[in-house]
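Below is one structure; the comments refer to it alone.
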Amino acid sequence: MPRWVLGALVLSLAAQIAWQAVRQAGAPPATDLAPAPGAQALRLASFGEPEAASRLVMLHLQSYDLQGLDYRRLVDWLDSVLELDPRSQYPLFAAARVFAETADPARSRLALDFVHRQFLRDPNRRWPWLAHAALLAKHRLKDLPLARGYAQALDRHTSARDVPLWARQMEIFILEDLNELEAAKIMIGGLLESGTLKDPAELRFLKERLDELEARLAGQKR
Amino acid sequence: MPAATLARSVLLEARRGGLPWLAIAAVALGLGLAAFASQVALTESLALQAALVASVLRACAVFLVAAQVTASTLREMQDKGLELMLSFPFSRTTHYLGRLAGFVACGAALALAFAAPLLAWAAPGAVALWAVSLAGEAALVAAAALFFAMTLAQFVPAIAATAGLYLLARSIGAIQAIAAGPLAEASLASRIAQHAVDAVALALPRLDAMTRTAWLLYEAPSALAYAAALGSALVYTLLLVAAGLFDFHRRSV
């Protein structure tokens, strides 16, 4: 074999590795979130695998930097993903526990409104997210009428036997003089007891959230 | 029995050609992707793993069957092995069906191998339903690949035709829904397009109703829906076999 061939191979491989190493991989800019495709377009692109496609799209959405993200487009995406696989809880989990927990009240309200709207379509399955939305409305948005409205919706629309009593009586829970950490711990405890919380990734995520909340409240007290 | 001998030779060729190693690589790929994706998932990590593994293995099973059938058939044709086989005292039908039986058995073996890892996430009953459906889907793809390989006699066109048929069959339901959706224009052109899509759908199996990941994640299908899906695949497979035999019998070779 001619030596220049070996040299060309080594040099081109080194150039490839160097070129890719210089590129910075990170969260895509918020402005890069394209307008949401319709559910039918997503279904077409999924080639008969809507369950896998819906979850992969959620992994894609959660990779975006939330700062400056167009929440109207984001909610359109969540609507399409949920229509693709209506039994997946991922879009509602992300909306309630990630996208709604933003410092911007207007964007938080958009995410909570999405949770409420989707809850009304399947209340017996989607009640945990509206329960968390009620807590956020009270403790983050300081909007007690909104929180009570969500709590009343929980009582009015859920009918399945496996919906725990504390969720149906969320309004009492909202009116109790608890801080956010105490309320969150009680709710997560209730979800664990009812068997609603089982996924290891979700348990890990919620534990991290509780730790962050605890640290934030401890910092505020000082 | 000549057909059984032919089927056995097809299986032997697949084993010696490295198909088991490719199957192991496919399982490793599916499990690797699922493990990676579930690490970044915030919730439903187990469901994500199951959905990814199932969809990747389904695609790999179909691809491996199509590639194996096409390559094996074209090699036999190009090495004049087909002419040698036809000189033996058994009919063209026996030859065609014997080879198809071998390819169907390959597909069934792949379906069984790919269903085994799913037991980590789903109930055995659901996995069994998924495996049988995948075996049926692989049999349909084997029949399609054999038909296209014998008819087109070139690797790339045969694979492209098989892939095109498969992908269209998996997405025709979504295409029909888009064509007939509430946002579709009520113009003559739109109605013609809708009827054209419906006509194409008549000539395709509904593969989007087969081997559903929802059976693993949520609940098993009703007996009627499952039987309808398998029945549709069986009818289409028979159509492809009949078309293949028709073409094979009229050829001069």
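We name chains A, B, ... following the order of the structure tokens; residues begin at 1 in each chain, and ligands are numbered from 1 as shown.
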
Give me, as a ChimeraX atom specification, the residues of chain A touching chain B, with the criterion being at most 6 Å (counting only C-alpha atoms).
/A:44,47-48,52,199,201-202

Expected file contents, prior selection, N, CA and C atoms, as a PDB file, in the first residue's frame:
ATOM      1  N   LEU A  44     -48.057  10.444  10.862  1.00  0.00           N
ATOM      2  CA  LEU A  44     -47.500  10.003   9.580  1.00  0.00           C
ATOM      3  C   LEU A  44     -46.006   9.754   9.719  1.00  0.00           C
ATOM      4  N   PHE A  47     -44.658   6.388  11.401  1.00  0.00           N
ATOM      5  CA  PHE A  47     -44.734   5.099  10.704  1.00  0.00           C
ATOM      6  C   PHE A  47     -45.321   3.998  11.589  1.00  0.00           C
ATOM      7  N   GLY A  48     -46.446   4.333  12.205  1.00  0.00           N
ATOM      8  CA  GLY A  48     -47.144   3.309  12.961  1.00  0.00           C
ATOM      9  C   GLY A  48     -46.561   3.029  14.340  1.00  0.00           C
ATOM     10  N   ALA A  52     -43.658   5.315  20.695  1.00  0.00           N
ATOM     11  CA  ALA A  52     -42.232   5.651  20.713  1.00  0.00           C
ATOM     12  C   ALA A  52     -42.021   7.081  20.217  1.00  0.00           C
ATOM     13  N   ASP A 199     -42.598   5.098  38.393  1.00  0.00           N
ATOM     14  CA  ASP A 199     -41.480   5.150  37.454  1.00  0.00           C
ATOM     15  C   ASP A 199     -40.208   5.626  38.164  1.00  0.00           C
ATOM     16  N   ALA A 201     -37.450   7.013  37.034  1.00  0.00           N
ATOM     17  CA  ALA A 201     -36.964   8.328  36.587  1.00  0.00           C
ATOM     18  C   ALA A 201     -37.794   9.444  37.216  1.00  0.00           C
ATOM     19  N   GLU A 202     -39.103   9.202  37.301  1.00  0.00           N
ATOM     20  CA  GLU A 202     -39.982  10.218  37.889  1.00  0.00           C
ATOM     21  C   GLU A 202     -39.686  10.379  39.378  1.00  0.00           C
TER      22      GLU A 202
END

Neighbour list for Ala39 in chain A as JSON, numbers by chain, cut-off 9 Å, only C-alpha atoms, skip fewer than 5 positions in-chain
{"A": [44, 77, 79, 80, 81, 82, 83, 84]}

Just-selected residues, N, CA and C atoms written as a PDB file, in the first residue's frame:
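Done, and the output landed in again.pdb:
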ATOM      1  N   LEU A  44     -48.057  10.444  10.862  1.00  0.00           N
ATOM      2  CA  LEU A  44     -47.500  10.003   9.580  1.00  0.00           C
ATOM      3  C   LEU A  44     -46.006   9.754   9.719  1.00  0.00           C
ATOM      4  N   TRP A  77     -47.032  22.130  20.559  1.00  0.00           N
ATOM      5  CA  TRP A  77     -46.292  20.856  20.470  1.00  0.00           C
ATOM      6  C   TRP A  77     -46.844  19.831  21.458  1.00  0.00           C
ATOM      7  N   ASP A  79     -49.785  19.699  22.766  1.00  0.00           N
ATOM      8  CA  ASP A  79     -51.112  19.264  22.307  1.00  0.00           C
ATOM      9  C   ASP A  79     -50.983  18.171  21.241  1.00  0.00           C
ATOM     10  N   SER A  80     -50.080  18.394  20.279  1.00  0.00           N
ATOM     11  CA  SER A  80     -49.905  17.420  19.194  1.00  0.00           C
ATOM     12  C   SER A  80     -49.368  16.097  19.724  1.00  0.00           C
ATOM     13  N   VAL A  81     -48.391  16.181  20.651  1.00  0.00           N
ATOM     14  CA  VAL A  81     -47.792  14.951  21.184  1.00  0.00           C
ATOM     15  C   VAL A  81     -48.837  14.157  21.973  1.00  0.00           C
ATOM     16  N   LEU A  82     -49.654  14.863  22.737  1.00  0.00           N
ATOM     17  CA  LEU A  82     -50.658  14.175  23.542  1.00  0.00           C
ATOM     18  C   LEU A  82     -51.736  13.555  22.664  1.00  0.00           C
ATOM     19  N   GLU A  83     -52.038  14.201  21.561  1.00  0.00           N
ATOM     20  CA  GLU A  83     -53.020  13.618  20.636  1.00  0.00           C
ATOM     21  C   GLU A  83     -52.431  12.386  19.943  1.00  0.00           C
ATOM     22  N   LEU A  84     -51.109  12.381  19.763  1.00  0.00           N
ATOM     23  CA  LEU A  84     -50.449  11.232  19.138  1.00  0.00           C
ATOM     24  C   LEU A  84     -50.556   9.987  20.025  1.00  0.00           C
TER      25      LEU A  84
END

Taking only range 43-232 of chain B into account, list the residues labelled alpha helix (DSSP H) by DSSP (computed from the backbone), as JSON, numbers by chain.
{"B": [45, 46, 47, 48, 49, 50, 51, 52, 53, 54, 55, 56, 57, 58, 59, 60, 61, 62, 63, 64, 65, 66, 67, 68, 69, 70, 71, 72, 73, 74, 75, 76, 77, 78, 81, 82, 83, 84, 85, 86, 92, 93, 94, 95, 96, 97, 98, 99, 100, 101, 102, 103, 104, 105, 106, 107, 108, 109, 110, 111, 112, 113, 114, 115, 124, 125, 126, 127, 128, 129, 130, 131, 132, 133, 134, 135, 136, 137, 138, 139, 140, 141, 142, 143, 144, 145, 146, 147, 148, 149, 150, 151, 152, 155, 156, 157, 158, 159, 160, 161, 162, 163, 164, 165, 166, 167, 168, 169, 170, 171, 172, 173, 174, 175, 176, 177, 178, 179, 188, 189, 190, 191, 192, 193, 194, 195, 196, 197, 198, 199, 200, 201, 202, 214, 215, 216, 217, 223, 224, 225, 226, 227, 228, 229, 230, 231, 232]}

Can you tell me, as number ranges by chain, what residues are no more than 12 Å from Ala106 in chain A when counting only C-alpha atoms, ignoring any on the same chain fewer than 4 positions away?
A: 70-72, 99-102, 110-113, 137, 140-141

Just N, CA and C atoms for this one: save the residues we selected as a PDB file, in the first residue's frame.
ATOM      1  N   ASP A  70     -40.746  30.180  23.235  1.00  0.00           N
ATOM      2  CA  ASP A  70     -42.107  30.574  22.867  1.00  0.00           C
ATOM      3  C   ASP A  70     -43.068  29.531  23.439  1.00  0.00           C
ATOM      4  N   TYR A  71     -43.745  29.907  24.534  1.00  0.00           N
ATOM      5  CA  TYR A  71     -44.590  28.933  25.219  1.00  0.00           C
ATOM      6  C   TYR A  71     -45.845  28.600  24.437  1.00  0.00           C
ATOM      7  N   ARG A  72     -46.284  29.525  23.564  1.00  0.00           N
ATOM      8  CA  ARG A  72     -47.472  29.199  22.749  1.00  0.00           C
ATOM      9  C   ARG A  72     -47.135  28.071  21.777  1.00  0.00           C
ATOM     10  N   PHE A  99     -42.331  22.880  32.684  1.00  0.00           N
ATOM     11  CA  PHE A  99     -42.603  24.122  31.967  1.00  0.00           C
ATOM     12  C   PHE A  99     -43.401  25.127  32.796  1.00  0.00           C
ATOM     13  N   ALA A 100     -44.285  24.636  33.684  1.00  0.00           N
ATOM     14  CA  ALA A 100     -45.078  25.563  34.496  1.00  0.00           C
ATOM     15  C   ALA A 100     -44.246  26.156  35.625  1.00  0.00           C
ATOM     16  N   GLU A 101     -43.150  25.493  35.989  1.00  0.00           N
ATOM     17  CA  GLU A 101     -42.348  25.963  37.123  1.00  0.00           C
ATOM     18  C   GLU A 101     -41.298  26.963  36.643  1.00  0.00           C
ATOM     19  N   THR A 102     -41.771  27.974  35.937  1.00  0.00           N
ATOM     20  CA  THR A 102     -40.900  29.027  35.442  1.00  0.00           C
ATOM     21  C   THR A 102     -41.186  30.293  36.232  1.00  0.00           C
ATOM     22  N   LEU A 110     -49.765  29.734  30.887  1.00  0.00           N
ATOM     23  CA  LEU A 110     -50.011  29.019  29.623  1.00  0.00           C
ATOM     24  C   LEU A 110     -49.871  27.511  29.841  1.00  0.00           C
ATOM     25  N   ALA A 111     -48.814  27.136  30.565  1.00  0.00           N
ATOM     26  CA  ALA A 111     -48.597  25.701  30.813  1.00  0.00           C
ATOM     27  C   ALA A 111     -49.690  25.125  31.696  1.00  0.00           C
ATOM     28  N   LEU A 112     -50.094  25.887  32.721  1.00  0.00           N
ATOM     29  CA  LEU A 112     -51.146  25.387  33.608  1.00  0.00           C
ATOM     30  C   LEU A 112     -52.487  25.294  32.877  1.00  0.00           C
ATOM     31  N   ASP A 113     -52.728  26.242  31.988  1.00  0.00           N
ATOM     32  CA  ASP A 113     -53.966  26.201  31.209  1.00  0.00           C
ATOM     33  C   ASP A 113     -53.995  24.958  30.317  1.00  0.00           C
ATOM     34  N   ALA A 137     -50.459  27.050  41.358  1.00  0.00           N
ATOM     35  CA  ALA A 137     -51.268  28.273  41.258  1.00  0.00           C
ATOM     36  C   ALA A 137     -51.293  28.983  42.609  1.00  0.00           C
ATOM     37  N   ARG A 140     -46.887  29.505  43.722  1.00  0.00           N
ATOM     38  CA  ARG A 140     -45.993  30.229  42.830  1.00  0.00           C
ATOM     39  C   ARG A 140     -46.666  31.460  42.248  1.00  0.00           C
ATOM     40  N   LEU A 141     -47.884  31.265  41.737  1.00  0.00           N
ATOM     41  CA  LEU A 141     -48.594  32.399  41.138  1.00  0.00           C
ATOM     42  C   LEU A 141     -49.324  33.226  42.184  1.00  0.00           C
TER      43      LEU A 141
END

CA of Arg204 in chain A to CA of Leu78 in chain A measures 22.8 Å

Which residues are close to range 122-126 of chain A, i.e. within 12 Å by only C-alpha atoms, leaving aside same-chain residues fewer than 2 positions away? Reply as a PyMOL selection string.
chain A and resi 82-83+86-93+96+114-120+128-133+150+153-164+167-168+196

Could you write out the selected residues, including C-alpha atoms, as a short mmCIF file (atom, residue, chain, number, x, y, z; two decimals), in the first residue's frame?
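Final output, part_0.cif:
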data_model
loop_
_atom_site.label_atom_id
_atom_site.label_comp_id
_atom_site.auth_asym_id
_atom_site.auth_seq_id
_atom_site.Cartn_x
_atom_site.Cartn_y
_atom_site.Cartn_z
CA LEU A 82 -50.66 14.17 23.54
CA GLU A 83 -53.02 13.62 20.64
CA PRO A 86 -53.35 10.15 24.56
CA ARG A 87 -52.43 7.61 27.23
CA SER A 88 -48.90 8.92 27.72
CA GLN A 89 -48.44 11.05 30.82
CA TYR A 90 -45.17 12.57 29.67
CA PRO A 91 -46.53 15.80 28.10
CA LEU A 92 -48.63 16.56 31.17
CA PHE A 93 -45.77 15.72 33.53
CA ALA A 96 -46.93 20.63 35.17
CA PHE A 114 -52.74 23.36 28.97
CA VAL A 115 -52.82 20.99 31.96
CA HIS A 116 -56.35 22.07 32.89
CA ARG A 117 -57.62 21.80 29.32
CA GLN A 118 -56.19 18.32 28.86
CA PHE A 119 -57.38 17.21 32.29
CA LEU A 120 -60.97 17.87 31.19
CA PRO A 128 -52.30 14.11 39.31
CA TRP A 129 -51.17 16.92 37.01
CA LEU A 130 -54.09 19.18 37.81
CA ALA A 131 -53.48 18.56 41.51
CA HIS A 132 -49.91 19.78 41.07
CA ALA A 133 -51.18 22.69 38.95
CA TYR A 150 -58.47 23.71 39.63
CA ALA A 153 -62.49 20.83 38.77
CA LEU A 154 -60.77 17.84 40.37
CA ASP A 155 -63.75 17.23 42.62
CA ARG A 156 -66.34 17.83 39.92
CA HIS A 157 -64.89 15.78 37.05
CA THR A 158 -63.15 12.76 38.61
CA SER A 159 -65.28 9.70 39.17
CA ALA A 160 -62.95 6.67 39.15
CA ARG A 161 -62.60 4.76 42.42
CA ASP A 162 -58.81 4.83 42.32
CA VAL A 163 -58.73 8.66 42.50
CA PRO A 164 -57.69 9.19 46.16
CA ALA A 167 -57.22 14.68 45.41
CA ARG A 168 -61.01 15.05 45.41
CA THR A 196 -49.62 6.38 41.03
#
